[in-house]
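Dumped structure.pdb below, it's PDB, C-alpha atoms, pLDDT in the B column:
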MODEL        1
ATOM      1  CA  MET S 570     -63.462 -40.473  89.741  1.00 71.00           C
ATOM      2  CA  LYS S 571     -64.299 -43.909  88.352  1.00 94.00           C
ATOM      3  CA  GLY S 572     -67.185 -46.268  88.849  1.00 98.00           C
ATOM      4  CA  LEU S 573     -67.431 -50.053  89.010  1.00 98.00           C
ATOM      5  CA  ILE S 574     -70.890 -51.355  88.105  1.00 98.00           C
ATOM      6  CA  PHE S 575     -71.886 -54.978  88.627  1.00 98.00           C
ATOM      7  CA  ASP S 576     -74.746 -56.949  87.229  1.00 97.00           C
ATOM      8  CA  CYS S 577     -76.184 -59.230  89.923  1.00 94.00           C
ATOM      9  CA  ASP S 578     -77.277 -62.675  88.794  1.00 90.00           C
ATOM     10  CA  GLY S 579     -74.400 -64.804  87.582  1.00 91.00           C
ATOM     11  CA  VAL S 580     -71.899 -62.035  88.396  1.00 96.00           C
ATOM     12  CA  LEU S 581     -72.060 -61.521  92.168  1.00 96.00           C
ATOM     13  CA  ALA S 582     -73.049 -65.137  92.806  1.00 92.00           C
ATOM     14  CA  ASP S 583     -74.018 -68.321  90.977  1.00 87.00           C
ATOM     15  CA  THR S 584     -77.683 -67.515  91.348  1.00 87.00           C
ATOM     16  CA  GLU S 585     -79.425 -68.824  88.251  1.00 85.00           C
ATOM     17  CA  ARG S 586     -79.061 -72.609  88.446  1.00 85.00           C
ATOM     18  CA  PHE S 587     -79.026 -72.908  92.237  1.00 87.00           C
ATOM     19  CA  GLY S 588     -81.284 -70.000  93.203  1.00 92.00           C
ATOM     20  CA  HIS S 589     -83.696 -68.576  90.688  1.00 91.00           C
ATOM     21  CA  LEU S 590     -84.539 -71.845  88.919  1.00 95.00           C
ATOM     22  CA  PRO S 591     -85.580 -73.770  92.064  1.00 95.00           C
ATOM     23  CA  ALA S 592     -87.389 -70.663  93.357  1.00 96.00           C
ATOM     24  CA  PHE S 593     -89.409 -70.415  90.134  1.00 97.00           C
ATOM     25  CA  ASN S 594     -90.289 -74.105  90.269  1.00 98.00           C
ATOM     26  CA  GLN S 595     -91.268 -73.997  93.950  1.00 98.00           C
ATOM     27  CA  THR S 596     -93.525 -71.038  93.184  1.00 98.00           C
ATOM     28  CA  PHE S 597     -95.147 -72.863  90.282  1.00 98.00           C
ATOM     29  CA  ALA S 598     -95.806 -75.849  92.542  1.00 98.00           C
ATOM     30  CA  GLU S 599     -97.239 -73.749  95.380  1.00 98.00           C
ATOM     31  CA  PHE S 600     -99.655 -72.017  93.000  1.00 97.00           C
ATOM     32  CA  GLY S 601    -100.618 -75.292  91.349  1.00 97.00           C
ATOM     33  CA  LEU S 602     -99.399 -74.142  87.932  1.00 97.00           C
ATOM     34  CA  PRO S 603     -98.939 -76.788  85.224  1.00 96.00           C
ATOM     35  CA  VAL S 604     -95.286 -76.020  84.511  1.00 97.00           C
ATOM     36  CA  ARG S 605     -91.820 -76.959  85.681  1.00 97.00           C
ATOM     37  CA  TRP S 606     -88.672 -75.610  84.035  1.00 97.00           C
ATOM     38  CA  ASP S 607     -85.693 -77.913  83.643  1.00 95.00           C
ATOM     39  CA  GLU S 608     -82.203 -76.482  83.241  1.00 91.00           C
ATOM     40  CA  GLN S 609     -82.386 -76.405  79.449  1.00 91.00           C
ATOM     41  CA  GLU S 610     -85.758 -74.664  79.347  1.00 94.00           C
ATOM     42  CA  TYR S 611     -84.661 -72.164  81.973  1.00 93.00           C
ATOM     43  CA  GLY S 612     -81.573 -71.435  79.901  1.00 88.00           C
ATOM     44  CA  ARG S 613     -83.885 -70.489  77.036  1.00 91.00           C
ATOM     45  CA  ARG S 614     -86.030 -68.311  79.315  1.00 92.00           C
ATOM     46  CA  LEU S 615     -82.931 -66.364  80.366  1.00 88.00           C
ATOM     47  CA  SER S 616     -83.018 -64.575  77.026  1.00 85.00           C
ATOM     48  CA  ILE S 617     -86.016 -62.711  78.506  1.00 89.00           C
ATOM     49  CA  GLY S 618     -84.882 -59.896  80.776  1.00 82.00           C
ATOM     50  CA  GLY S 619     -86.547 -59.899  84.215  1.00 85.00           C
ATOM     51  CA  GLY S 620     -88.153 -62.638  86.304  1.00 90.00           C
ATOM     52  CA  LYS S 621     -91.628 -61.178  86.081  1.00 91.00           C
ATOM     53  CA  GLU S 622     -91.311 -61.066  82.314  1.00 93.00           C
ATOM     54  CA  ARG S 623     -90.171 -64.704  82.233  1.00 95.00           C
ATOM     55  CA  MET S 624     -93.258 -65.697  84.182  1.00 97.00           C
ATOM     56  CA  ALA S 625     -95.482 -63.633  81.879  1.00 96.00           C
ATOM     57  CA  SER S 626     -94.042 -65.524  78.899  1.00 96.00           C
ATOM     58  CA  LEU S 627     -96.012 -68.550  80.113  1.00 97.00           C
ATOM     59  CA  LEU S 628     -99.322 -66.857  79.363  1.00 97.00           C
ATOM     60  CA  THR S 629    -100.282 -68.559  76.131  1.00 96.00           C
ATOM     61  CA  PRO S 630    -104.026 -69.178  75.640  1.00 95.00           C
ATOM     62  CA  GLU S 631    -103.423 -72.874  76.307  1.00 96.00           C
ATOM     63  CA  PHE S 632    -101.581 -72.214  79.572  1.00 97.00           C
ATOM     64  CA  VAL S 633    -104.166 -69.677  80.757  1.00 96.00           C
ATOM     65  CA  ALA S 634    -106.932 -72.239  80.210  1.00 96.00           C
ATOM     66  CA  ALA S 635    -105.001 -75.105  81.829  1.00 96.00           C
ATOM     67  CA  ALA S 636    -104.097 -73.007  84.888  1.00 95.00           C
ATOM     68  CA  GLY S 637    -107.600 -71.544  85.268  1.00 96.00           C
ATOM     69  CA  LEU S 638    -106.302 -67.992  85.037  1.00 96.00           C
ATOM     70  CA  PRO S 639    -108.386 -64.883  84.300  1.00 95.00           C
ATOM     71  CA  ASP S 640    -108.965 -64.060  80.639  1.00 93.00           C
ATOM     72  CA  ASP S 641    -108.414 -60.311  81.025  1.00 95.00           C
ATOM     73  CA  PRO S 642    -104.922 -58.744  80.911  1.00 95.00           C
ATOM     74  CA  ALA S 643    -105.376 -56.972  84.240  1.00 96.00           C
ATOM     75  CA  GLY S 644    -106.259 -60.211  86.011  1.00 97.00           C
ATOM     76  CA  GLN S 645    -103.332 -62.000  84.436  1.00 97.00           C
ATOM     77  CA  ALA S 646    -100.951 -59.206  85.411  1.00 96.00           C
ATOM     78  CA  GLU S 647    -102.194 -59.435  89.002  1.00 97.00           C
ATOM     79  CA  ALA S 648    -101.589 -63.196  89.001  1.00 97.00           C
ATOM     80  CA  VAL S 649     -98.052 -62.802  87.632  1.00 97.00           C
ATOM     81  CA  ALA S 650     -97.301 -60.128  90.251  1.00 96.00           C
ATOM     82  CA  ALA S 651     -98.432 -62.497  93.022  1.00 97.00           C
ATOM     83  CA  TRP S 652     -96.283 -65.328  91.649  1.00 98.00           C
ATOM     84  CA  HIS S 653     -93.298 -63.022  91.421  1.00 95.00           C
ATOM     85  CA  ARG S 654     -93.696 -61.741  94.989  1.00 95.00           C
ATOM     86  CA  ARG S 655     -93.701 -65.295  96.292  1.00 97.00           C
ATOM     87  CA  LYS S 656     -90.773 -66.311  94.087  1.00 95.00           C
ATOM     88  CA  THR S 657     -88.760 -63.313  95.340  1.00 91.00           C
ATOM     89  CA  ALA S 658     -89.476 -64.296  98.959  1.00 93.00           C
ATOM     90  CA  ILE S 659     -88.355 -67.896  98.343  1.00 95.00           C
ATOM     91  CA  TYR S 660     -85.209 -66.783  96.565  1.00 90.00           C
ATOM     92  CA  THR S 661     -84.308 -64.156  99.165  1.00 87.00           C
ATOM     93  CA  ALA S 662     -84.620 -66.753 101.925  1.00 91.00           C
ATOM     94  CA  MET S 663     -82.195 -69.008 100.036  1.00 91.00           C
ATOM     95  CA  VAL S 664     -79.666 -66.185  99.730  1.00 86.00           C
ATOM     96  CA  THR S 665     -80.020 -65.236 103.398  1.00 84.00           C
ATOM     97  CA  ALA S 666     -79.422 -68.859 104.364  1.00 85.00           C
ATOM     98  CA  GLY S 667     -76.111 -68.757 102.494  1.00 80.00           C
ATOM     99  CA  ASP S 668     -77.163 -71.306  99.891  1.00 83.00           C
ATOM    100  CA  LEU S 669     -75.677 -69.330  96.967  1.00 86.00           C
ATOM    101  CA  PRO S 670     -71.908 -68.796  97.128  1.00 82.00           C
ATOM    102  CA  ALA S 671     -70.398 -65.543  95.904  1.00 89.00           C
ATOM    103  CA  ARG S 672     -68.325 -65.832  92.739  1.00 94.00           C
ATOM    104  CA  PRO S 673     -64.535 -65.669  93.072  1.00 96.00           C
ATOM    105  CA  GLY S 674     -62.997 -62.214  93.263  1.00 97.00           C
ATOM    106  CA  ILE S 675     -66.157 -60.196  93.915  1.00 97.00           C
ATOM    107  CA  ALA S 676     -65.401 -59.208  97.519  1.00 97.00           C
ATOM    108  CA  ARG S 677     -61.717 -58.697  96.722  1.00 97.00           C
ATOM    109  CA  ILE S 678     -62.206 -56.407  93.707  1.00 98.00           C
ATOM    110  CA  THR S 679     -64.900 -54.493  95.598  1.00 98.00           C
ATOM    111  CA  GLU S 680     -62.514 -53.779  98.468  1.00 98.00           C
ATOM    112  CA  GLU S 681     -59.778 -52.709  96.043  1.00 97.00           C
ATOM    113  CA  ALA S 682     -62.146 -50.382  94.195  1.00 98.00           C
ATOM    114  CA  HIS S 683     -63.480 -48.838  97.390  1.00 98.00           C
ATOM    115  CA  ALA S 684     -59.967 -48.284  98.728  1.00 97.00           C
ATOM    116  CA  ALA S 685     -59.056 -46.540  95.468  1.00 97.00           C
ATOM    117  CA  GLY S 686     -62.042 -44.203  95.726  1.00 97.00           C
ATOM    118  CA  TRP S 687     -64.138 -45.782  92.971  1.00 98.00           C
ATOM    119  CA  LEU S 688     -67.909 -45.478  93.130  1.00 98.00           C
ATOM    120  CA  LEU S 689     -69.747 -48.793  93.420  1.00 98.00           C
ATOM    121  CA  ALA S 690     -73.102 -49.811  91.960  1.00 98.00           C
ATOM    122  CA  VAL S 691     -75.271 -52.780  91.026  1.00 98.00           C
ATOM    123  CA  ALA S 692     -77.522 -52.503  87.981  1.00 97.00           C
ATOM    124  CA  SER S 693     -79.904 -55.432  87.580  1.00 94.00           C
ATOM    125  CA  THR S 694     -83.301 -56.343  86.151  1.00 84.00           C
ATOM    126  CA  SER S 695     -83.984 -58.621  89.143  1.00 83.00           C
ATOM    127  CA  ALA S 696     -86.230 -57.578  92.026  1.00 83.00           C
ATOM    128  CA  GLU S 697     -84.507 -55.148  94.395  1.00 91.00           C
ATOM    129  CA  PRO S 698     -84.941 -57.257  97.577  1.00 87.00           C
ATOM    130  CA  SER S 699     -83.260 -60.177  95.801  1.00 84.00           C
ATOM    131  CA  VAL S 700     -80.413 -57.998  94.544  1.00 91.00           C
ATOM    132  CA  ARG S 701     -79.749 -56.472  97.960  1.00 93.00           C
ATOM    133  CA  ALA S 702     -79.732 -59.902  99.581  1.00 89.00           C
ATOM    134  CA  VAL S 703     -77.190 -61.242  97.077  1.00 91.00           C
ATOM    135  CA  LEU S 704     -75.039 -58.104  97.366  1.00 95.00           C
ATOM    136  CA  GLU S 705     -74.896 -58.272 101.172  1.00 94.00           C
ATOM    137  CA  HIS S 706     -73.992 -61.943 101.031  1.00 90.00           C
ATOM    138  CA  ALA S 707     -71.294 -61.361  98.395  1.00 94.00           C
ATOM    139  CA  VAL S 708     -69.521 -58.316  99.877  1.00 96.00           C
ATOM    140  CA  GLY S 709     -70.837 -58.111 103.452  1.00 94.00           C
ATOM    141  CA  GLN S 710     -73.450 -55.822 104.960  1.00 94.00           C
ATOM    142  CA  ARG S 711     -70.966 -53.059 105.773  1.00 96.00           C
ATOM    143  CA  ARG S 712     -69.563 -52.759 102.261  1.00 98.00           C
ATOM    144  CA  ALA S 713     -72.985 -53.221 100.655  1.00 97.00           C
ATOM    145  CA  ARG S 714     -73.989 -49.872 102.169  1.00 97.00           C
ATOM    146  CA  ASP S 715     -71.444 -48.194  99.864  1.00 98.00           C
ATOM    147  CA  PHE S 716     -73.273 -49.391  96.732  1.00 98.00           C
ATOM    148  CA  THR S 717     -75.871 -47.569  94.683  1.00 98.00           C
ATOM    149  CA  VAL S 718     -78.445 -50.265  93.867  1.00 98.00           C
ATOM    150  CA  LEU S 719     -80.670 -49.899  90.808  1.00 97.00           C
ATOM    151  CA  ALA S 720     -82.888 -52.908  90.230  1.00 94.00           C
ATOM    152  CA  GLY S 721     -86.213 -54.332  89.110  1.00 85.00           C
ATOM    153  CA  ASP S 722     -88.765 -52.151  87.364  1.00 85.00           C
ATOM    154  CA  ILE S 723     -86.852 -48.908  87.894  1.00 92.00           C
ATOM    155  CA  VAL S 724     -86.566 -48.390  84.107  1.00 93.00           C
ATOM    156  CA  PRO S 725     -89.220 -49.042  81.438  1.00 91.00           C
ATOM    157  CA  ARG S 726     -87.003 -51.172  79.190  1.00 92.00           C
ATOM    158  CA  LYS S 727     -84.851 -53.953  80.547  1.00 89.00           C
ATOM    159  CA  LYS S 728     -81.587 -55.340  79.197  1.00 92.00           C
ATOM    160  CA  PRO S 729     -80.467 -55.509  76.375  1.00 93.00           C
ATOM    161  CA  ALA S 730     -81.803 -51.925  76.311  1.00 95.00           C
ATOM    162  CA  PRO S 731     -79.240 -49.520  77.844  1.00 97.00           C
ATOM    163  CA  ASP S 732     -81.748 -47.810  80.176  1.00 97.00           C
ATOM    164  CA  ILE S 733     -80.510 -49.306  83.462  1.00 96.00           C
ATOM    165  CA  TYR S 734     -76.912 -48.353  82.716  1.00 98.00           C
ATOM    166  CA  LEU S 735     -77.787 -44.863  81.535  1.00 98.00           C
ATOM    167  CA  LEU S 736     -79.703 -44.352  84.781  1.00 97.00           C
ATOM    168  CA  THR S 737     -76.766 -45.709  86.785  1.00 98.00           C
ATOM    169  CA  LEU S 738     -74.366 -43.260  85.146  1.00 98.00           C
ATOM    170  CA  ASP S 739     -76.775 -40.441  85.935  1.00 98.00           C
ATOM    171  CA  ARG S 740     -77.094 -41.474  89.589  1.00 97.00           C
ATOM    172  CA  LEU S 741     -73.329 -41.805  89.975  1.00 98.00           C
ATOM    173  CA  GLY S 742     -72.629 -38.560  88.120  1.00 97.00           C
ATOM    174  CA  LEU S 743     -70.218 -40.254  85.720  1.00 97.00           C
ATOM    175  CA  ALA S 744     -69.568 -40.132  81.994  1.00 97.00           C
ATOM    176  CA  PRO S 745     -69.577 -43.493  80.166  1.00 97.00           C
ATOM    177  CA  HIS S 746     -65.777 -43.586  79.841  1.00 95.00           C
ATOM    178  CA  GLU S 747     -65.414 -43.182  83.612  1.00 96.00           C
ATOM    179  CA  ALA S 748     -67.103 -46.510  84.419  1.00 97.00           C
ATOM    180  CA  VAL S 749     -66.594 -50.235  83.893  1.00 98.00           C
ATOM    181  CA  VAL S 750     -69.390 -52.799  83.907  1.00 98.00           C
ATOM    182  CA  ILE S 751     -68.978 -56.449  84.892  1.00 98.00           C
ATOM    183  CA  GLU S 752     -71.576 -58.647  83.207  1.00 98.00           C
ATOM    184  CA  ASP S 753     -72.129 -62.323  82.469  1.00 95.00           C
ATOM    185  CA  SER S 754     -74.517 -62.397  79.501  1.00 94.00           C
ATOM    186  CA  HIS S 755     -74.883 -61.173  75.932  1.00 95.00           C
ATOM    187  CA  ASN S 756     -77.945 -59.127  76.930  1.00 94.00           C
ATOM    188  CA  GLY S 757     -75.979 -57.437  79.698  1.00 95.00           C
ATOM    189  CA  LEU S 758     -73.026 -56.742  77.420  1.00 97.00           C
ATOM    190  CA  ALA S 759     -75.372 -55.269  74.807  1.00 97.00           C
ATOM    191  CA  ALA S 760     -76.955 -53.001  77.418  1.00 97.00           C
ATOM    192  CA  ALA S 761     -73.604 -51.753  78.716  1.00 97.00           C
ATOM    193  CA  THR S 762     -72.059 -51.132  75.303  1.00 97.00           C
ATOM    194  CA  ALA S 763     -75.215 -49.368  74.078  1.00 98.00           C
ATOM    195  CA  ALA S 764     -74.765 -47.025  77.038  1.00 98.00           C
ATOM    196  CA  GLY S 765     -71.158 -46.428  75.926  1.00 97.00           C
ATOM    197  CA  ILE S 766     -69.578 -48.204  78.919  1.00 97.00           C
ATOM    198  CA  ALA S 767     -66.683 -50.635  78.672  1.00 97.00           C
ATOM    199  CA  CYS S 768     -67.766 -54.112  79.745  1.00 98.00           C
ATOM    200  CA  VAL S 769     -65.824 -57.024  81.204  1.00 98.00           C
ATOM    201  CA  VAL S 770     -67.583 -60.389  81.016  1.00 98.00           C
ATOM    202  CA  THR S 771     -67.312 -63.235  83.542  1.00 97.00           C
ATOM    203  CA  VAL S 772     -69.084 -66.212  82.017  1.00 96.00           C
ATOM    204  CA  ASN S 773     -71.032 -68.926  83.814  1.00 88.00           C
ATOM    205  CA  ASP S 774     -72.466 -72.286  82.782  1.00 83.00           C
ATOM    206  CA  TYR S 775     -75.545 -70.713  81.205  1.00 86.00           C
ATOM    207  CA  THR S 776     -73.726 -68.013  79.235  1.00 90.00           C
ATOM    208  CA  ALA S 777     -70.371 -69.545  78.268  1.00 87.00           C
ATOM    209  CA  ASP S 778     -71.414 -70.101  74.640  1.00 88.00           C
ATOM    210  CA  GLU S 779     -72.978 -66.684  74.036  1.00 93.00           C
ATOM    211  CA  ASP S 780     -71.576 -64.058  71.671  1.00 96.00           C
ATOM    212  CA  PHE S 781     -69.441 -61.567  73.568  1.00 97.00           C
ATOM    213  CA  THR S 782     -68.168 -59.545  70.633  1.00 97.00           C
ATOM    214  CA  GLY S 783     -67.543 -56.026  71.895  1.00 96.00           C
ATOM    215  CA  ALA S 784     -66.492 -57.003  75.424  1.00 98.00           C
ATOM    216  CA  ALA S 785     -63.244 -55.479  76.694  1.00 97.00           C
ATOM    217  CA  PHE S 786     -62.192 -58.944  77.822  1.00 98.00           C
ATOM    218  CA  VAL S 787     -63.896 -62.203  78.776  1.00 98.00           C
ATOM    219  CA  VAL S 788     -62.825 -64.463  81.660  1.00 98.00           C
ATOM    220  CA  ASP S 789     -64.289 -67.449  83.449  1.00 96.00           C
ATOM    221  CA  SER S 790     -64.181 -65.523  86.756  1.00 96.00           C
ATOM    222  CA  LEU S 791     -62.396 -62.614  88.405  1.00 98.00           C
ATOM    223  CA  GLY S 792     -60.319 -65.137  90.321  1.00 97.00           C
ATOM    224  CA  GLU S 793     -58.321 -65.053  93.553  1.00 97.00           C
ATOM    225  CA  PRO S 794     -54.553 -64.819  94.178  1.00 95.00           C
ATOM    226  CA  ASP S 795     -54.420 -68.199  95.957  1.00 94.00           C
ATOM    227  CA  ALA S 796     -56.701 -70.120  93.575  1.00 95.00           C
ATOM    228  CA  THR S 797     -56.541 -71.708  90.123  1.00 96.00           C
ATOM    229  CA  PRO S 798     -55.601 -69.040  87.541  1.00 97.00           C
ATOM    230  CA  VAL S 799     -58.478 -67.596  85.541  1.00 97.00           C
ATOM    231  CA  THR S 800     -58.948 -68.440  81.887  1.00 97.00           C
ATOM    232  CA  VAL S 801     -58.933 -65.430  79.556  1.00 97.00           C
ATOM    233  CA  LEU S 802     -61.360 -66.370  76.790  1.00 97.00           C
ATOM    234  CA  ALA S 803     -61.010 -63.147  74.773  1.00 97.00           C
ATOM    235  CA  ASN S 804     -59.288 -59.793  75.131  1.00 97.00           C
ATOM    236  CA  SER S 805     -59.559 -56.736  72.900  1.00 95.00           C
ATOM    237  CA  SER S 806     -58.508 -54.202  75.542  1.00 96.00           C
ATOM    238  CA  PRO S 807     -55.263 -52.666  76.824  1.00 95.00           C
ATOM    239  CA  ALA S 808     -55.630 -54.778  79.985  1.00 96.00           C
ATOM    240  CA  THR S 809     -53.395 -57.805  80.504  1.00 95.00           C
ATOM    241  CA  PRO S 810     -55.192 -59.973  83.072  1.00 95.00           C
ATOM    242  CA  GLY S 811     -52.970 -62.650  84.562  1.00 95.00           C
ATOM    243  CA  ALA S 812     -53.776 -65.296  87.159  1.00 97.00           C
ATOM    244  CA  TYR S 813     -56.630 -63.149  88.446  1.00 97.00           C
ATOM    245  CA  VAL S 814     -58.310 -59.897  87.439  1.00 98.00           C
ATOM    246  CA  THR S 815     -57.020 -56.813  89.256  1.00 97.00           C
ATOM    247  CA  LEU S 816     -58.288 -53.287  89.652  1.00 97.00           C
ATOM    248  CA  ASP S 817     -55.428 -52.196  87.387  1.00 96.00           C
ATOM    249  CA  ASP S 818     -56.939 -54.387  84.667  1.00 97.00           C
ATOM    250  CA  LEU S 819     -60.289 -52.655  85.059  1.00 97.00           C
ATOM    251  CA  ALA S 820     -58.616 -49.226  85.126  1.00 95.00           C
ATOM    252  CA  ALA S 821     -56.826 -50.091  81.867  1.00 95.00           C
ATOM    253  CA  VAL S 822     -60.157 -50.990  80.274  1.00 94.00           C
ATOM    254  CA  SER S 823     -61.615 -47.649  81.347  1.00 83.00           C
ATOM    255  CA  ALA S 824     -58.518 -45.743  80.181  1.00 76.00           C
ATOM    256  CA  GLY S 825     -58.699 -47.483  76.811  1.00 66.00           C
ATOM    257  CA  ARG S 826     -62.306 -46.352  76.368  1.00 65.00           C
ATOM    258  CA  ASP S 827     -61.344 -42.792  77.392  1.00 60.00           C
ATOM    259  CA  ARG S 828     -58.779 -42.588  74.558  1.00 54.00           C
ATOM    260  CA  ARG S 829     -61.279 -43.490  71.837  1.00 53.00           C
TER     261      ARG S 829
ENDMDL
END
Just dump the structure as C-alpha cells.
Amino acid sequence: MKGLIFDCDGVLADTERFGHLPAFNQTFAEFGLPVRWDEQEYGRRLSIGGGKERMASLLTPEFVAAAGLPDDPAGQAEAVAAWHRRKTAIYTAMVTAGDLPARPGIARITEEAHAAGWLLAVASTSAEPSVRAVLEHAVGQRRARDFTVLAGDIVPRKKPAPDIYLLTLDRLGLAPHEAVVIEDSHNGLAAATAAGIACVVTVNDYTADEDFTGAAFVVDSLGEPDATPVTVLANSSPATPGAYVTLDDLAAVSAGRDRR
C-alpha cells in the first residue's frame, strides 16, 4: 500500500495570490484594521505557517494601539480568531464560486492513484473548511470523499515542523517510505523530509526562488498530456519525469526512498 499526500495552498490550486491575499485584505477592511498587504508583503508573510498566525504577526504594540485592540493576550487572541473566521468564510465563498482554478495534473494524478489503490490525503496548516472547499473544487466532490483531510490547528506545531505529516502517516497506517508528499514551499518540503517522507515540489510564483534542496524532484507543475510540457527544475530521484508527471514517477520516488 502507498499513500499520496498533498499540501493544499499552491499545490491543489493557485490559492495564495488570487484567494488568500484578497480574502485577508477584505477582512482587514471589514474590521477597520489599518493594514493592507500587497503581493510583496504577503510573500514575506508566507514564511509564517498558518493564516491565524500570519494575522497574529500584526500585533505589535503600535498596531494594537492604532487598531484600538485590547491590551491583554486573551482579548487579542479573541480578536484574531474573529478575523480568521471571517477571512475563512470569504475565502471559502471564492473557492465555491470557482474563482480559483485547480493546478494542472491534480485531478488526473488523483484518479491514477485511486485506481492503483493508493491512499489519498491532504495535510495543510490552513483552516479545514477552506481546505475541503479547495479539494472538492480540484478533484470533485465524489473523489474528495476518498481523502483523509488533516488541516488547521490539528497539531501543535505547524510546518516546517513535521507534526502534520507524522500525524498523516499515523492516520493512514503507513511508514514514511510508503508515502509521497507533493508540496510547493520550502517550509512544506522541510516538514515532509523531517517526517522521513519523499517530497516532490511543484513551484508557484511565490515559491519559485526558494531552496528546495532535499526534494526528490522539482517541477513547475504536474502537467497534462495535452498541454505544454512541464519544466523539470531539479531531480535527485530515480524518477524520470517527461512531458508531465505520472504515477510511475511518484512510485519511483517512493521506491527510491524504500531502498535507502
Test item: residues at most 12 Å from Asp739 of chain S, only C-alpha atoms, excluding those fewer than 2 positions along its chain, as number ranges by chain = S: 572, 690, 717, 719, 732-737, 741-745, 747-748, 764
Determine the residue set returned by the PyMOL selection byres ((chain S and resi 605) around 12) for the present structure, and present it as a list in words.
->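 So the PyMOL selection byres ((chain S and resi 605) around 12), applied here, picks out Leu590, Pro591, Ala592, Phe593, Asn594, Gln595, Thr596, Phe597, Ala598, Glu599, Phe600, Gly601, Leu602, Pro603, Val604, Trp606, Asp607, Glu608, Gln609, Glu610, Tyr611, Met624 and Leu627 of chain S.
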Chain and number of each residue from the PyMOL selection byres ((chain S and resi 766) around 7), as number ranges by chain = S: 745-746, 748-750, 761-762, 764-765, 767-768
In Å, rounded to a single decimal, give me how far atom CA of Asp753 of chain S is from atom CA of Thr776 of chain S.
->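 Value for the atom CA of Thr776 of chain S-atom CA of Asp753 of chain S distance: 6.7 Å.
Note on the selection: in this file the PyMOL selection byres ((chain S and resi 708) around 9) comes out as Leu581, Ala671, Ile675, Ala676, Arg677, Thr679, Glu680, Val703, Leu704, Glu705, His706, Ala707, Gly709, Gln710, Arg711, Arg712 and Ala713 of chain S.
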Preceding selection exported with C-alpha atoms as a PDB file, in the frame of the given file:
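Once everything was written out, this is part.pdb:
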ATOM      1  CA  LEU S 581     -72.060 -61.521  92.168  1.00 96.00           C
ATOM      2  CA  ALA S 671     -70.398 -65.543  95.904  1.00 89.00           C
ATOM      3  CA  ILE S 675     -66.157 -60.196  93.915  1.00 97.00           C
ATOM      4  CA  ALA S 676     -65.401 -59.208  97.519  1.00 97.00           C
ATOM      5  CA  ARG S 677     -61.717 -58.697  96.722  1.00 97.00           C
ATOM      6  CA  THR S 679     -64.900 -54.493  95.598  1.00 98.00           C
ATOM      7  CA  GLU S 680     -62.514 -53.779  98.468  1.00 98.00           C
ATOM      8  CA  VAL S 703     -77.190 -61.242  97.077  1.00 91.00           C
ATOM      9  CA  LEU S 704     -75.039 -58.104  97.366  1.00 95.00           C
ATOM     10  CA  GLU S 705     -74.896 -58.272 101.172  1.00 94.00           C
ATOM     11  CA  HIS S 706     -73.992 -61.943 101.031  1.00 90.00           C
ATOM     12  CA  ALA S 707     -71.294 -61.361  98.395  1.00 94.00           C
ATOM     13  CA  GLY S 709     -70.837 -58.111 103.452  1.00 94.00           C
ATOM     14  CA  GLN S 710     -73.450 -55.822 104.960  1.00 94.00           C
ATOM     15  CA  ARG S 711     -70.966 -53.059 105.773  1.00 96.00           C
ATOM     16  CA  ARG S 712     -69.563 -52.759 102.261  1.00 98.00           C
ATOM     17  CA  ALA S 713     -72.985 -53.221 100.655  1.00 97.00           C
TER      18      ALA S 713
END
Please return, as a PyMOL selection string, all polymer residues that have at least one atom within 12 Å of the point (-58.8, -61.2, 80.1); use only C-alpha atoms and the file's own coordinate frame.
-> chain S and resi 768-772+784-792+798-815+818-819+821-822
Using atom CA of His683 of chain S and atom CA of Ala720 of chain S as the two end points, give the distance in Å to one decimal.
->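 Between atom CA of His683 of chain S and atom CA of Ala720 of chain S the gap is 21.1 Å.
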Of the candidates S:Val691, S:Ile659, S:Leu738, S:Ile678, which one gets nearest to Phe716 of chain S if we count only C-alpha atoms?
-> S:Val691
Identify, on the basis of all atoms listed in the file, every residue whose closest approach to Asp774 of chain S does not exceed 10 Å; exclude the query and any residue fewer than 6 positions from it along the same chain; express the result as a ChimeraX atom specification.
-> /S:579,583,585-586,612,753,789
Using only C-alpha atoms, find the one residue out of S:Glu779, S:Glu697, S:Asp795, S:Asp722 that sits nearest to Asp578 of chain S.
->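 Ranking S:Glu779, S:Glu697, S:Asp795, S:Asp722 by distance to Asp578 of chain S, first place goes to S:Glu697.
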Using all atoms listed in the file, which residue out of S:Ala730, S:Cys577, S:Ala648, S:Ile617 lies closest to Ser695 of chain S?
->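 Looking at the shortest contact to Ser695 of chain S, the residue is S:Cys577.
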From the set S:Ala824, S:Thr694, S:Ser699, S:Thr657, which residue has the shortest atom-to-atom contact distance to Pro725 of chain S, counting all atoms listed in the file?
->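 Among S:Ala824, S:Thr694, S:Ser699, S:Thr657, it is S:Thr694 that comes nearest to Pro725 of chain S.
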